[in-house]
>>> print(open('data.pdb').read())   # PDB, C-alpha atoms
ATOM      1  CA  MET A   1      17.184  13.757  -5.890
ATOM      2  CA  VAL A   2      14.259  12.041  -7.531
ATOM      3  CA  ASP A   3      11.511  13.468  -9.698
ATOM      4  CA  ILE A   4       7.978  12.590 -10.705
ATOM      5  CA  LEU A   5       7.674  12.700 -14.488
ATOM      6  CA  HIS A   6       4.558  12.373 -16.636
ATOM      7  CA  ARG A   7       3.399  13.052 -20.167
ATOM      8  CA  ILE A   8      -0.050  13.281 -21.698
ATOM      9  CA  GLY A   9      -1.330  14.134 -25.147
ATOM     10  CA  VAL A  10      -4.500  16.211 -25.337
ATOM     11  CA  GLU A  11      -6.374  15.558 -28.561
ATOM     12  CA  HIS A  12      -8.005  18.231 -30.732
ATOM     13  CA  ALA A  13      -6.425  20.881 -28.541
ATOM     14  CA  THR A  14      -4.047  23.775 -28.944
ATOM     15  CA  PRO A  15      -1.551  24.672 -26.197
ATOM     16  CA  ASP A  16      -3.485  27.840 -25.351
ATOM     17  CA  ARG A  17      -6.443  25.751 -24.175
ATOM     18  CA  VAL A  18      -4.253  23.668 -21.856
ATOM     19  CA  TYR A  19      -2.465  26.824 -20.725
ATOM     20  CA  GLU A  20      -5.814  28.322 -19.751
ATOM     21  CA  ALA A  21      -6.603  25.227 -17.654
ATOM     22  CA  LEU A  22      -3.281  25.717 -15.827
ATOM     23  CA  THR A  23      -3.399  29.468 -15.333
ATOM     24  CA  THR A  24      -6.957  30.345 -14.340
ATOM     25  CA  VAL A  25      -8.774  29.510 -11.119
ATOM     26  CA  HIS A  26     -11.709  28.331 -13.208
ATOM     27  CA  GLY A  27      -9.516  25.993 -15.242
ATOM     28  CA  LEU A  28      -7.614  24.608 -12.255
ATOM     29  CA  SER A  29     -10.930  24.021 -10.435
ATOM     30  CA  GLY A  30     -12.035  21.889 -13.356
ATOM     31  CA  TRP A  31      -9.348  19.215 -13.131
ATOM     32  CA  TRP A  32      -7.363  19.381  -9.862
ATOM     33  CA  THR A  33      -9.578  20.547  -7.037
ATOM     34  CA  GLU A  34     -12.854  22.398  -7.007
ATOM     35  CA  THR A  35     -11.587  24.341  -3.992
ATOM     36  CA  THR A  36      -9.005  26.482  -5.760
ATOM     37  CA  THR A  37      -8.554  30.132  -4.797
ATOM     38  CA  GLY A  38      -5.917  32.841  -5.040
ATOM     39  CA  SER A  39      -4.212  34.541  -7.934
ATOM     40  CA  THR A  40      -2.450  32.898 -10.866
ATOM     41  CA  ALA A  41      -0.158  35.795 -11.862
ATOM     42  CA  VAL A  42       3.599  35.289 -11.647
ATOM     43  CA  GLY A  43       4.725  36.005  -8.072
ATOM     44  CA  ASP A  44       1.273  35.360  -6.652
ATOM     45  CA  VAL A  45       0.031  32.329  -4.727
ATOM     46  CA  ILE A  46      -2.664  29.828  -5.661
ATOM     47  CA  GLU A  47      -4.318  27.872  -2.839
ATOM     48  CA  PHE A  48      -5.405  24.333  -3.652
ATOM     49  CA  ARG A  49      -7.524  22.624  -0.990
ATOM     50  CA  PHE A  50      -8.545  18.967  -0.695
ATOM     51  CA  PRO A  51     -10.506  17.097   1.974
ATOM     52  CA  PRO A  52      -7.254  16.066   3.785
ATOM     53  CA  GLY A  53      -5.383  19.385   3.397
ATOM     54  CA  GLY A  54      -3.813  21.299   0.574
ATOM     55  CA  PHE A  55      -0.993  23.105  -1.128
ATOM     56  CA  ASP A  56      -0.055  26.741  -1.634
ATOM     57  CA  MET A  57       1.843  27.297  -4.874
ATOM     58  CA  GLU A  58       3.746  30.408  -5.831
ATOM     59  CA  VAL A  59       3.600  30.933  -9.579
ATOM     60  CA  VAL A  60       7.235  31.270 -10.667
ATOM     61  CA  ASP A  61       6.832  31.207 -14.433
ATOM     62  CA  ALA A  62       4.022  31.532 -16.956
ATOM     63  CA  VAL A  63       4.869  31.776 -20.656
ATOM     64  CA  PRO A  64       1.643  31.786 -22.680
ATOM     65  CA  SER A  65       0.930  28.461 -24.420
ATOM     66  CA  SER A  66       4.388  27.163 -23.528
ATOM     67  CA  ARG A  67       5.331  26.810 -19.866
ATOM     68  CA  VAL A  68       3.984  27.125 -16.331
ATOM     69  CA  ALA A  69       5.979  26.610 -13.141
ATOM     70  CA  TRP A  70       4.991  26.614  -9.501
ATOM     71  CA  ARG A  71       6.936  26.397  -6.252
ATOM     72  CA  VAL A  72       5.277  24.824  -3.216
ATOM     73  CA  VAL A  73       5.333  27.376  -0.404
ATOM     74  CA  ASP A  74       2.992  25.583   2.012
ATOM     75  CA  GLY A  75       1.668  22.028   2.342
ATOM     76  CA  PRO A  76       3.010  18.649   3.454
ATOM     77  CA  ASP A  77       6.656  18.775   4.581
ATOM     78  CA  GLU A  78       7.728  16.559   1.694
ATOM     79  CA  TRP A  79       6.271  19.031  -0.803
ATOM     80  CA  VAL A  80       7.479  22.365   0.574
ATOM     81  CA  GLY A  81      10.270  23.720  -1.630
ATOM     82  CA  THR A  82       9.602  21.316  -4.499
ATOM     83  CA  THR A  83       8.701  22.658  -7.923
ATOM     84  CA  ILE A  84       6.102  21.671 -10.482
ATOM     85  CA  ASP A  85       6.857  22.374 -14.099
ATOM     86  CA  TRP A  86       4.569  22.147 -17.108
ATOM     87  CA  GLU A  87       5.813  22.307 -20.685
ATOM     88  CA  LEU A  88       3.336  22.511 -23.556
ATOM     89  CA  ARG A  89       3.858  22.086 -27.270
ATOM     90  CA  GLN A  90       1.747  21.499 -30.334
ATOM     91  CA  ASP A  91       2.164  18.244 -32.267
ATOM     92  CA  GLY A  92      -0.337  18.052 -35.110
ATOM     93  CA  ASP A  93      -3.836  17.944 -33.660
ATOM     94  CA  TRP A  94      -2.455  17.284 -30.171
ATOM     95  CA  THR A  95      -1.005  19.262 -27.333
ATOM     96  CA  ILE A  96       1.787  17.398 -25.587
ATOM     97  CA  VAL A  97       2.138  18.145 -21.880
ATOM     98  CA  LEU A  98       5.407  17.316 -20.138
ATOM     99  CA  PHE A  99       5.085  17.380 -16.363
ATOM    100  CA  ARG A 100       7.839  17.338 -13.744
ATOM    101  CA  HIS A 101       7.483  17.504  -9.970
ATOM    102  CA  GLU A 102      11.093  18.029  -8.912
ATOM    103  CA  GLY A 103      13.079  18.455  -5.732
ATOM    104  CA  TRP A 104      11.838  15.564  -3.603
ATOM    105  CA  ARG A 105      14.489  14.898  -0.980
ATOM    106  CA  GLU A 106      13.838  11.151  -0.676
ATOM    107  CA  PRO A 107      11.809   8.575  -2.636
ATOM    108  CA  VAL A 108       9.457   8.046   0.307
ATOM    109  CA  GLU A 109       6.258   6.015   0.048
ATOM    110  CA  PHE A 110       4.228   9.240  -0.101
ATOM    111  CA  MET A 111       6.164  10.140  -3.273
ATOM    112  CA  HIS A 112       5.090   6.841  -4.869
ATOM    113  CA  HIS A 113       1.508   7.733  -3.982
ATOM    114  CA  CYS A 114       1.758  11.266  -5.351
ATOM    115  CA  SER A 115       3.231   9.977  -8.613
ATOM    116  CA  THR A 116       0.211   7.759  -9.287
ATOM    117  CA  LYS A 117      -2.195  10.432  -8.092
ATOM    118  CA  TRP A 118      -0.603  13.046 -10.373
ATOM    119  CA  ALA A 119      -1.155  10.669 -13.296
ATOM    120  CA  THR A 120      -4.856  10.493 -12.545
ATOM    121  CA  TYR A 121      -5.079  14.285 -12.260
ATOM    122  CA  LEU A 122      -3.256  14.675 -15.575
ATOM    123  CA  MET A 123      -5.833  12.353 -17.112
ATOM    124  CA  SER A 124      -8.445  14.629 -15.525
ATOM    125  CA  LEU A 125      -6.819  17.658 -17.192
ATOM    126  CA  LYS A 126      -6.834  15.793 -20.512
ATOM    127  CA  ALA A 127     -10.511  14.933 -20.085
ATOM    128  CA  LEU A 128     -11.407  18.500 -19.127
ATOM    129  CA  VAL A 129      -9.839  19.985 -22.245
ATOM    130  CA  GLU A 130     -11.017  17.220 -24.564
ATOM    131  CA  SER A 131     -14.575  16.857 -23.314
ATOM    132  CA  GLY A 132     -15.256  19.732 -20.933
ATOM    133  CA  VAL A 133     -15.532  17.432 -17.902
ATOM    134  CA  GLY A 134     -12.604  16.672 -15.611
ATOM    135  CA  ALA A 135     -12.456  14.773 -12.330
ATOM    136  CA  PRO A 136     -11.214  17.296  -9.761
ATOM    137  CA  ALA A 137     -11.362  16.633  -6.016
ATOM    138  CA  PRO A 138     -13.687  15.756  -4.400
ATOM    139  CA  ARG A 139     -14.784  13.826  -7.523
ATOM    140  CA  ASP A 140     -11.246  12.521  -8.101
ATOM    141  CA  VAL A 141     -10.130   9.004  -8.998
ATOM    142  CA  HIS A 142      -8.980   7.136  -5.910
ATOM    143  CA  VAL A 143      -5.738   5.212  -6.199
ATOM    144  CA  ALA A 144      -5.379   4.084  -2.587
ATOM    145  CA  PHE A 145      -6.222   5.328   0.877
ATOM    146  CA  PRO A 146      -6.024   7.940   2.281
ATOM    147  CA  ASP A 147      -6.313   9.633  -1.012
TER     148      ASP A 147
ATOM    149  CA  MET B   1      19.652   7.758 -12.408
ATOM    150  CA  VAL B   2      15.940   8.346 -12.293
ATOM    151  CA  ASP B   3      13.141   5.989 -11.398
ATOM    152  CA  ILE B   4       9.437   5.662 -12.020
ATOM    153  CA  LEU B   5       7.614   5.194  -8.716
ATOM    154  CA  HIS B   6       3.962   4.392  -8.094
ATOM    155  CA  ARG B   7       1.675   3.145  -5.350
ATOM    156  CA  ILE B   8      -1.836   1.767  -5.396
ATOM    157  CA  GLY B   9      -4.104   0.311  -2.750
ATOM    158  CA  VAL B  10      -6.242  -2.645  -3.764
ATOM    159  CA  GLU B  11      -9.413  -2.821  -1.682
ATOM    160  CA  HIS B  12     -10.886  -6.016  -0.216
ATOM    161  CA  ALA B  13      -7.788  -7.898  -1.334
ATOM    162  CA  THR B  14      -5.039  -9.941   0.226
ATOM    163  CA  PRO B  15      -1.477  -9.826  -1.150
ATOM    164  CA  ASP B  16      -1.793 -13.372  -2.503
ATOM    165  CA  ARG B  17      -4.470 -12.224  -4.945
ATOM    166  CA  VAL B  18      -2.282  -9.414  -6.273
ATOM    167  CA  TYR B  19       0.702 -11.767  -6.336
ATOM    168  CA  GLU B  20      -1.282 -14.149  -8.512
ATOM    169  CA  ALA B  21      -2.039 -11.320 -10.958
ATOM    170  CA  LEU B  22       1.708 -10.626 -11.191
ATOM    171  CA  THR B  23       2.983 -14.188 -11.424
ATOM    172  CA  THR B  24       0.630 -16.053 -13.743
ATOM    173  CA  VAL B  25       0.183 -15.603 -17.478
ATOM    174  CA  HIS B  26      -3.561 -15.536 -16.915
ATOM    175  CA  GLY B  27      -3.272 -12.797 -14.306
ATOM    176  CA  LEU B  28      -0.826 -10.670 -16.317
ATOM    177  CA  SER B  29      -3.067 -10.990 -19.387
ATOM    178  CA  GLY B  30      -5.898  -9.535 -17.356
ATOM    179  CA  TRP B  31      -4.342  -6.155 -16.639
ATOM    180  CA  TRP B  32      -1.212  -5.459 -18.751
ATOM    181  CA  THR B  33      -1.560  -7.053 -22.142
ATOM    182  CA  GLU B  34      -3.771  -9.822 -23.412
ATOM    183  CA  THR B  35      -0.828 -11.064 -25.477
ATOM    184  CA  THR B  36       1.294 -12.428 -22.637
ATOM    185  CA  THR B  37       3.216 -15.679 -23.064
ATOM    186  CA  GLY B  38       6.204 -17.448 -21.548
ATOM    187  CA  SER B  39       6.963 -18.750 -18.084
ATOM    188  CA  THR B  40       6.729 -16.847 -14.819
ATOM    189  CA  ALA B  41       9.167 -18.947 -12.761
ATOM    190  CA  VAL B  42      12.317 -17.295 -11.417
ATOM    191  CA  GLY B  43      14.983 -17.382 -14.122
ATOM    192  CA  ASP B  44      12.438 -17.741 -16.908
ATOM    193  CA  VAL B  45      11.253 -15.116 -19.369
ATOM    194  CA  ILE B  46       7.784 -13.635 -19.837
ATOM    195  CA  GLU B  47       6.954 -12.092 -23.229
ATOM    196  CA  PHE B  48       4.586  -9.135 -23.196
ATOM    197  CA  ARG B  49       3.388  -7.977 -26.607
ATOM    198  CA  PHE B  50       1.493  -4.809 -27.554
ATOM    199  CA  PRO B  51       0.375  -3.457 -30.926
ATOM    200  CA  PRO B  52       3.574  -1.343 -31.291
ATOM    201  CA  GLY B  53       6.044  -3.919 -29.909
ATOM    202  CA  GLY B  54       6.790  -5.475 -26.574
ATOM    203  CA  PHE B  55       9.037  -6.425 -23.693
ATOM    204  CA  ASP B  56      10.743  -9.624 -22.607
ATOM    205  CA  MET B  57      11.171  -9.794 -18.838
ATOM    206  CA  GLU B  58      13.356 -12.220 -16.948
ATOM    207  CA  VAL B  59      11.824 -13.023 -13.588
ATOM    208  CA  VAL B  60      14.571 -12.300 -11.051
ATOM    209  CA  ASP B  61      12.634 -12.626  -7.821
ATOM    210  CA  ALA B  62       9.281 -13.969  -6.689
ATOM    211  CA  VAL B  63       8.515 -14.192  -2.979
ATOM    212  CA  PRO B  64       4.924 -15.342  -2.495
ATOM    213  CA  SER B  65       2.563 -12.537  -1.454
ATOM    214  CA  SER B  66       5.487 -10.186  -0.894
ATOM    215  CA  ARG B  67       7.718  -9.304  -3.845
ATOM    216  CA  VAL B  68       8.145  -9.764  -7.588
ATOM    217  CA  ALA B  69      11.039  -8.440  -9.670
ATOM    218  CA  TRP B  70      11.716  -8.501 -13.393
ATOM    219  CA  ARG B  71      14.679  -7.447 -15.516
ATOM    220  CA  VAL B  72      14.043  -6.269 -19.064
ATOM    221  CA  VAL B  73      16.059  -8.479 -21.416
ATOM    222  CA  ASP B  74      14.513  -7.323 -24.700
ATOM    223  CA  GLY B  75      12.424  -4.359 -25.811
ATOM    224  CA  PRO B  76      12.991  -0.650 -26.490
ATOM    225  CA  ASP B  77      16.617   0.429 -25.978
ATOM    226  CA  GLU B  78      15.645   2.677 -23.070
ATOM    227  CA  TRP B  79      14.121  -0.302 -21.252
ATOM    228  CA  VAL B  80      16.757  -2.994 -21.744
ATOM    229  CA  GLY B  81      18.626  -3.569 -18.494
ATOM    230  CA  THR B  82      16.108  -1.701 -16.348
ATOM    231  CA  THR B  83      14.315  -3.490 -13.523
ATOM    232  CA  ILE B  84      10.723  -3.519 -12.369
ATOM    233  CA  ASP B  85      10.073  -4.212  -8.742
ATOM    234  CA  TRP B  86       6.779  -4.915  -6.994
ATOM    235  CA  GLU B  87       6.392  -4.928  -3.201
ATOM    236  CA  LEU B  88       3.142  -6.091  -1.638
ATOM    237  CA  ARG B  89       1.884  -5.777   1.905
ATOM    238  CA  GLN B  90      -1.377  -6.078   3.773
ATOM    239  CA  ASP B  91      -2.835  -3.007   5.446
ATOM    240  CA  GLY B  92      -6.223  -3.786   6.956
ATOM    241  CA  ASP B  93      -8.634  -4.670   4.181
ATOM    242  CA  TRP B  94      -6.193  -3.365   1.540
ATOM    243  CA  THR B  95      -3.156  -4.612  -0.265
ATOM    244  CA  ILE B  96      -0.628  -1.857  -0.813
ATOM    245  CA  VAL B  97       1.458  -2.211  -3.973
ATOM    246  CA  LEU B  98       4.726  -0.286  -4.228
ATOM    247  CA  PHE B  99       6.068  -0.178  -7.779
ATOM    248  CA  ARG B 100       9.498   0.905  -8.995
ATOM    249  CA  HIS B 101      10.824   0.896 -12.548
ATOM    250  CA  GLU B 102      14.508   1.572 -11.959
ATOM    251  CA  GLY B 103      17.678   1.994 -13.961
ATOM    252  CA  TRP B 104      16.628   4.505 -16.623
ATOM    253  CA  ARG B 105      19.789   6.144 -17.928
ATOM    254  CA  GLU B 106      18.186   9.507 -18.749
ATOM    255  CA  PRO B 107      14.840  11.200 -18.007
ATOM    256  CA  VAL B 108      13.908  11.189 -21.689
ATOM    257  CA  GLU B 109      10.440  12.114 -22.922
ATOM    258  CA  PHE B 110       9.648   8.421 -23.414
ATOM    259  CA  MET B 111      10.236   7.935 -19.687
ATOM    260  CA  HIS B 112       7.638  10.628 -18.915
ATOM    261  CA  HIS B 113       5.227   8.735 -21.153
ATOM    262  CA  CYS B 114       5.961   5.362 -19.557
ATOM    263  CA  SER B 115       5.444   6.812 -16.078
ATOM    264  CA  THR B 116       1.905   7.941 -16.895
ATOM    265  CA  LYS B 117       1.177   4.752 -18.797
ATOM    266  CA  TRP B 118       2.388   2.590 -15.884
ATOM    267  CA  ALA B 119      -0.043   4.479 -13.628
ATOM    268  CA  THR B 120      -2.956   3.554 -15.882
ATOM    269  CA  TYR B 121      -1.851  -0.084 -15.963
ATOM    270  CA  LEU B 122      -1.561  -0.128 -12.176
ATOM    271  CA  MET B 123      -5.121   1.180 -12.031
ATOM    272  CA  SER B 124      -5.992  -1.681 -14.398
ATOM    273  CA  LEU B 125      -4.356  -4.162 -11.992
ATOM    274  CA  LYS B 126      -6.348  -2.625  -9.131
ATOM    275  CA  ALA B 127      -9.577  -2.924 -11.124
ATOM    276  CA  LEU B 128      -8.828  -6.514 -12.108
ATOM    277  CA  VAL B 129      -8.345  -7.653  -8.522
ATOM    278  CA  GLU B 130     -11.183  -5.547  -7.113
ATOM    279  CA  SER B 131     -13.799  -6.234  -9.768
ATOM    280  CA  GLY B 132     -12.492  -9.006 -12.009
ATOM    281  CA  VAL B 133     -12.163  -6.686 -15.017
ATOM    282  CA  GLY B 134      -8.937  -4.903 -15.923
ATOM    283  CA  ALA B 135      -8.027  -2.821 -18.961
ATOM    284  CA  PRO B 136      -5.106  -4.661 -20.592
ATOM    285  CA  ALA B 137      -3.869  -3.821 -24.093
ATOM    286  CA  PRO B 138      -5.443  -3.590 -26.575
ATOM    287  CA  ARG B 139      -8.279  -2.319 -24.350
ATOM    288  CA  ASP B 140      -5.910  -0.035 -22.450
ATOM    289  CA  VAL B 141      -6.418   3.585 -21.413
ATOM    290  CA  HIS B 142      -4.708   5.944 -23.857
ATOM    291  CA  VAL B 143      -2.669   8.739 -22.361
ATOM    292  CA  ALA B 144      -1.201  10.165 -25.558
ATOM    293  CA  PHE B 145      -0.070   8.978 -28.948
ATOM    294  CA  PRO B 146       1.500   6.649 -29.958
ATOM    295  CA  ASP B 147       0.343   4.731 -26.991
TER     296      ASP B 147
END
>>> encode(input="data.pdb", output="structure tokens")
Amino acid sequence: MVDILHRIGVEHATPDRVYEALTTVHGLSGWWTETTTGSTAVGDVIEFRFPPGGFDMEVVDAVPSSRVAWRVVDGPDEWVGTTIDWELRQDGDWTIVLFRHEGWREPVEFMHHCSTKWATYLMSLKALVESGVGAPAPRDVHVAFPD
Amino acid sequence: MVDILHRIGVEHATPDRVYEALTTVHGLSGWWTETTTGSTAVGDVIEFRFPPGGFDMEVVDAVPSSRVAWRVVDGPDEWVGTTIDWELRQDGDWTIVLFRHEGWREPVEFMHHCSTKWATYLMSLKALVESGVGAPAPRDVHVAFPD
């Protein structure tokens, strides 16, 4: 079992601002993909769509200003059944975000790609909260092709 | 055992150009850290220095246009003994780079940080080869603090 791990620090931000960007359709549309629909309540499903396809995530946990967790219920085979976990904490003037995408069955090449791509989306989340402008799809940073 | 995995695609590039950026002090200085010294031959040690410290890497493999591998022989405790592996291949007009930083003993928070930071340095490598201008330390992209 192999995981994708990342960490960012969001400056001049409290965890509630990052939490909002992870738990509202408006916030998610501002850093991951503009085509985000669905409901962000625990037990509900959020639909994220990108030019090549998308992911449906069931919200499995949402603790205000502290933790968000999703389970992939539809999307690429390699993703279905994996989980995405966000932990938030305050550290001075920063919010630290610990990210884990767990449950990959094999460290396939697509996993390498998703790891780098997640990093760029986390930087987009950081930019959104810090400056108000993220880089969600289709305005996302390209790391390779197809992207 | 947990690994950091990444993948980038470098456009309009052949593997020999990426290989050069991984196996010459000049190339390495252009995307990872400007303060790079040492020798890049197999069996020799390259010294990478950053404002907060640095890494000494023994070159354990170097197959032209195909593979580079380093072993960390000095640096932060979590890094010593880990290996960094680069695989290159041509795919049309692109060079695909598969990156693995293997041998971490525990998925500590510092590993989360290094995973995101590696992604930004890989994007710096991509930019260097594509455009001639990377973002090596101390001009690197900051993902958190300390960085």
>>> resolve_selection(input="data.pdb", expression="the ChimeraX specification (/B :<6) & /A", output="ChimeraX atom specification")
/A:5-9,112-113,115-116,119,143-144
>>> residues_around(input="data.pdb", residues="Trp32 in chain A", least_positions_apart="4", cutoff="12 Å", atoms="only C-alpha atoms", output="number ranges by chain")
A: 21-22, 24-28, 36-37, 47-50, 54-55, 117-128, 133-141
>>> calpha_fit_and_write(input="data.pdb", fixed="chain B", moving="chain A", output="CSV table (one decimal) with C-alpha atoms, keeping the file's coordinate frame")
chain,number,residue,atom,x,y,z
A,1,MET,CA,19.7,7.7,-12.4
A,2,VAL,CA,16.0,8.3,-12.3
A,3,ASP,CA,13.1,6.0,-11.4
A,4,ILE,CA,9.4,5.7,-12.0
A,5,LEU,CA,7.6,5.2,-8.7
A,6,HIS,CA,4.0,4.4,-8.1
A,7,ARG,CA,1.7,3.1,-5.3
A,8,ILE,CA,-1.8,1.8,-5.4
A,9,GLY,CA,-4.1,0.3,-2.7
A,10,VAL,CA,-6.2,-2.7,-3.8
A,11,GLU,CA,-9.4,-2.8,-1.7
A,12,HIS,CA,-10.9,-6.0,-0.2
A,13,ALA,CA,-7.8,-7.9,-1.3
A,14,THR,CA,-5.0,-9.9,0.2
A,15,PRO,CA,-1.5,-9.8,-1.1
A,16,ASP,CA,-1.8,-13.4,-2.5
A,17,ARG,CA,-4.5,-12.2,-5.0
A,18,VAL,CA,-2.3,-9.4,-6.3
A,19,TYR,CA,0.7,-11.8,-6.3
A,20,GLU,CA,-1.3,-14.2,-8.5
A,21,ALA,CA,-2.0,-11.3,-11.0
A,22,LEU,CA,1.7,-10.6,-11.2
A,23,THR,CA,3.0,-14.2,-11.4
A,24,THR,CA,0.6,-16.1,-13.7
A,25,VAL,CA,0.2,-15.6,-17.5
A,26,HIS,CA,-3.6,-15.5,-16.9
A,27,GLY,CA,-3.3,-12.8,-14.3
A,28,LEU,CA,-0.8,-10.7,-16.3
A,29,SER,CA,-3.1,-11.0,-19.4
A,30,GLY,CA,-5.9,-9.5,-17.4
A,31,TRP,CA,-4.3,-6.1,-16.6
A,32,TRP,CA,-1.2,-5.5,-18.7
A,33,THR,CA,-1.6,-7.1,-22.1
A,34,GLU,CA,-3.8,-9.8,-23.4
A,35,THR,CA,-0.8,-11.1,-25.5
A,36,THR,CA,1.3,-12.4,-22.6
A,37,THR,CA,3.2,-15.7,-23.1
A,38,GLY,CA,6.2,-17.5,-21.6
A,39,SER,CA,7.0,-18.7,-18.1
A,40,THR,CA,6.7,-16.8,-14.8
A,41,ALA,CA,9.2,-19.0,-12.8
A,42,VAL,CA,12.3,-17.3,-11.4
A,43,GLY,CA,15.0,-17.4,-14.1
A,44,ASP,CA,12.4,-17.7,-16.9
A,45,VAL,CA,11.2,-15.1,-19.4
A,46,ILE,CA,7.8,-13.6,-19.8
A,47,GLU,CA,6.9,-12.1,-23.2
A,48,PHE,CA,4.6,-9.1,-23.2
A,49,ARG,CA,3.4,-8.0,-26.6
A,50,PHE,CA,1.5,-4.8,-27.6
A,51,PRO,CA,0.4,-3.4,-30.9
A,52,PRO,CA,3.6,-1.3,-31.3
A,53,GLY,CA,6.0,-3.9,-29.9
A,54,GLY,CA,6.8,-5.5,-26.6
A,55,PHE,CA,9.0,-6.4,-23.7
A,56,ASP,CA,10.7,-9.6,-22.6
A,57,MET,CA,11.2,-9.8,-18.8
A,58,GLU,CA,13.4,-12.2,-17.0
A,59,VAL,CA,11.8,-13.0,-13.6
A,60,VAL,CA,14.6,-12.3,-11.1
A,61,ASP,CA,12.6,-12.6,-7.8
A,62,ALA,CA,9.3,-14.0,-6.7
A,63,VAL,CA,8.5,-14.2,-3.0
A,64,PRO,CA,4.9,-15.3,-2.5
A,65,SER,CA,2.6,-12.5,-1.4
A,66,SER,CA,5.5,-10.2,-0.9
A,67,ARG,CA,7.7,-9.3,-3.8
A,68,VAL,CA,8.1,-9.8,-7.6
A,69,ALA,CA,11.0,-8.4,-9.7
A,70,TRP,CA,11.7,-8.5,-13.4
A,71,ARG,CA,14.7,-7.5,-15.5
A,72,VAL,CA,14.0,-6.3,-19.1
A,73,VAL,CA,16.1,-8.5,-21.4
A,74,ASP,CA,14.5,-7.3,-24.7
A,75,GLY,CA,12.4,-4.3,-25.8
A,76,PRO,CA,13.0,-0.6,-26.5
A,77,ASP,CA,16.6,0.4,-26.0
A,78,GLU,CA,15.6,2.7,-23.1
A,79,TRP,CA,14.1,-0.3,-21.2
A,80,VAL,CA,16.8,-3.0,-21.7
A,81,GLY,CA,18.6,-3.6,-18.5
A,82,THR,CA,16.1,-1.7,-16.3
A,83,THR,CA,14.3,-3.5,-13.5
A,84,ILE,CA,10.7,-3.5,-12.4
A,85,ASP,CA,10.1,-4.2,-8.7
A,86,TRP,CA,6.8,-4.9,-7.0
A,87,GLU,CA,6.4,-4.9,-3.2
A,88,LEU,CA,3.1,-6.1,-1.6
A,89,ARG,CA,1.9,-5.8,1.9
A,90,GLN,CA,-1.4,-6.1,3.8
A,91,ASP,CA,-2.8,-3.0,5.5
A,92,GLY,CA,-6.2,-3.8,7.0
A,93,ASP,CA,-8.6,-4.7,4.2
A,94,TRP,CA,-6.2,-3.4,1.6
A,95,THR,CA,-3.2,-4.6,-0.3
A,96,ILE,CA,-0.6,-1.9,-0.8
A,97,VAL,CA,1.5,-2.2,-4.0
A,98,LEU,CA,4.7,-0.3,-4.2
A,99,PHE,CA,6.1,-0.2,-7.8
A,100,ARG,CA,9.5,0.9,-9.0
A,101,HIS,CA,10.8,0.9,-12.5
A,102,GLU,CA,14.5,1.6,-12.0
A,103,GLY,CA,17.7,2.0,-14.0
A,104,TRP,CA,16.6,4.5,-16.6
A,105,ARG,CA,19.8,6.2,-17.9
A,106,GLU,CA,18.2,9.5,-18.7
A,107,PRO,CA,14.8,11.2,-18.0
A,108,VAL,CA,13.9,11.2,-21.7
A,109,GLU,CA,10.4,12.1,-22.9
A,110,PHE,CA,9.6,8.4,-23.4
A,111,MET,CA,10.2,7.9,-19.7
A,112,HIS,CA,7.6,10.6,-18.9
A,113,HIS,CA,5.2,8.7,-21.2
A,114,CYS,CA,6.0,5.4,-19.6
A,115,SER,CA,5.4,6.8,-16.1
A,116,THR,CA,1.9,7.9,-16.9
A,117,LYS,CA,1.2,4.7,-18.8
A,118,TRP,CA,2.4,2.6,-15.9
A,119,ALA,CA,0.0,4.5,-13.6
A,120,THR,CA,-2.9,3.6,-15.9
A,121,TYR,CA,-1.8,-0.1,-16.0
A,122,LEU,CA,-1.6,-0.1,-12.2
A,123,MET,CA,-5.1,1.2,-12.0
A,124,SER,CA,-6.0,-1.7,-14.4
A,125,LEU,CA,-4.4,-4.2,-12.0
A,126,LYS,CA,-6.3,-2.6,-9.1
A,127,ALA,CA,-9.6,-2.9,-11.1
A,128,LEU,CA,-8.8,-6.5,-12.1
A,129,VAL,CA,-8.3,-7.7,-8.5
A,130,GLU,CA,-11.2,-5.6,-7.1
A,131,SER,CA,-13.8,-6.2,-9.8
A,132,GLY,CA,-12.5,-9.0,-12.0
A,133,VAL,CA,-12.2,-6.7,-15.0
A,134,GLY,CA,-8.9,-4.9,-15.9
A,135,ALA,CA,-8.0,-2.8,-19.0
A,136,PRO,CA,-5.1,-4.7,-20.6
A,137,ALA,CA,-3.9,-3.8,-24.1
A,138,PRO,CA,-5.4,-3.6,-26.6
A,139,ARG,CA,-8.3,-2.3,-24.4
A,140,ASP,CA,-5.9,0.0,-22.4
A,141,VAL,CA,-6.4,3.6,-21.4
A,142,HIS,CA,-4.7,5.9,-23.9
A,143,VAL,CA,-2.7,8.7,-22.4
A,144,ALA,CA,-1.2,10.2,-25.6
A,145,PHE,CA,-0.1,9.0,-29.0
A,146,PRO,CA,1.5,6.6,-30.0
A,147,ASP,CA,0.4,4.7,-27.0
>>> closest_residue(input="data.pdb", among="A:Glu130, A:Ser65, A:Asp77, A:Ile84", to="Glu20 in chain A", atoms="all atoms listed in the file")
A:Ser65
>>> atom_distance(input="data.pdb", atom1="CA of Val45 in chain A", atom2="CA of Trp104 in chain A")
20.5 Å
>>> atom_distance(input="data.pdb", atom1="CA of Val18 in chain A", atom2="CA of Leu88 in chain A")
7.9 Å
>>> resolve_selection(input="data.pdb", expression="the PyMOL selection byres ((chain B and resi 63) around 10)", output="compact mmCIF listing (two decimals) with C-alpha atoms, in the frame of the given file")
# COMPACT_ATOMS: atom_id res chain seq x y z
CA TYR B 19 0.70 -11.77 -6.34
CA VAL B 42 12.32 -17.30 -11.42
CA ASP B 61 12.63 -12.63 -7.82
CA ALA B 62 9.28 -13.97 -6.69
CA PRO B 64 4.92 -15.34 -2.50
CA SER B 65 2.56 -12.54 -1.45
CA SER B 66 5.49 -10.19 -0.89
CA ARG B 67 7.72 -9.30 -3.84
CA VAL B 68 8.14 -9.76 -7.59
CA ALA B 69 11.04 -8.44 -9.67
CA GLU B 87 6.39 -4.93 -3.20
CA LEU B 88 3.14 -6.09 -1.64
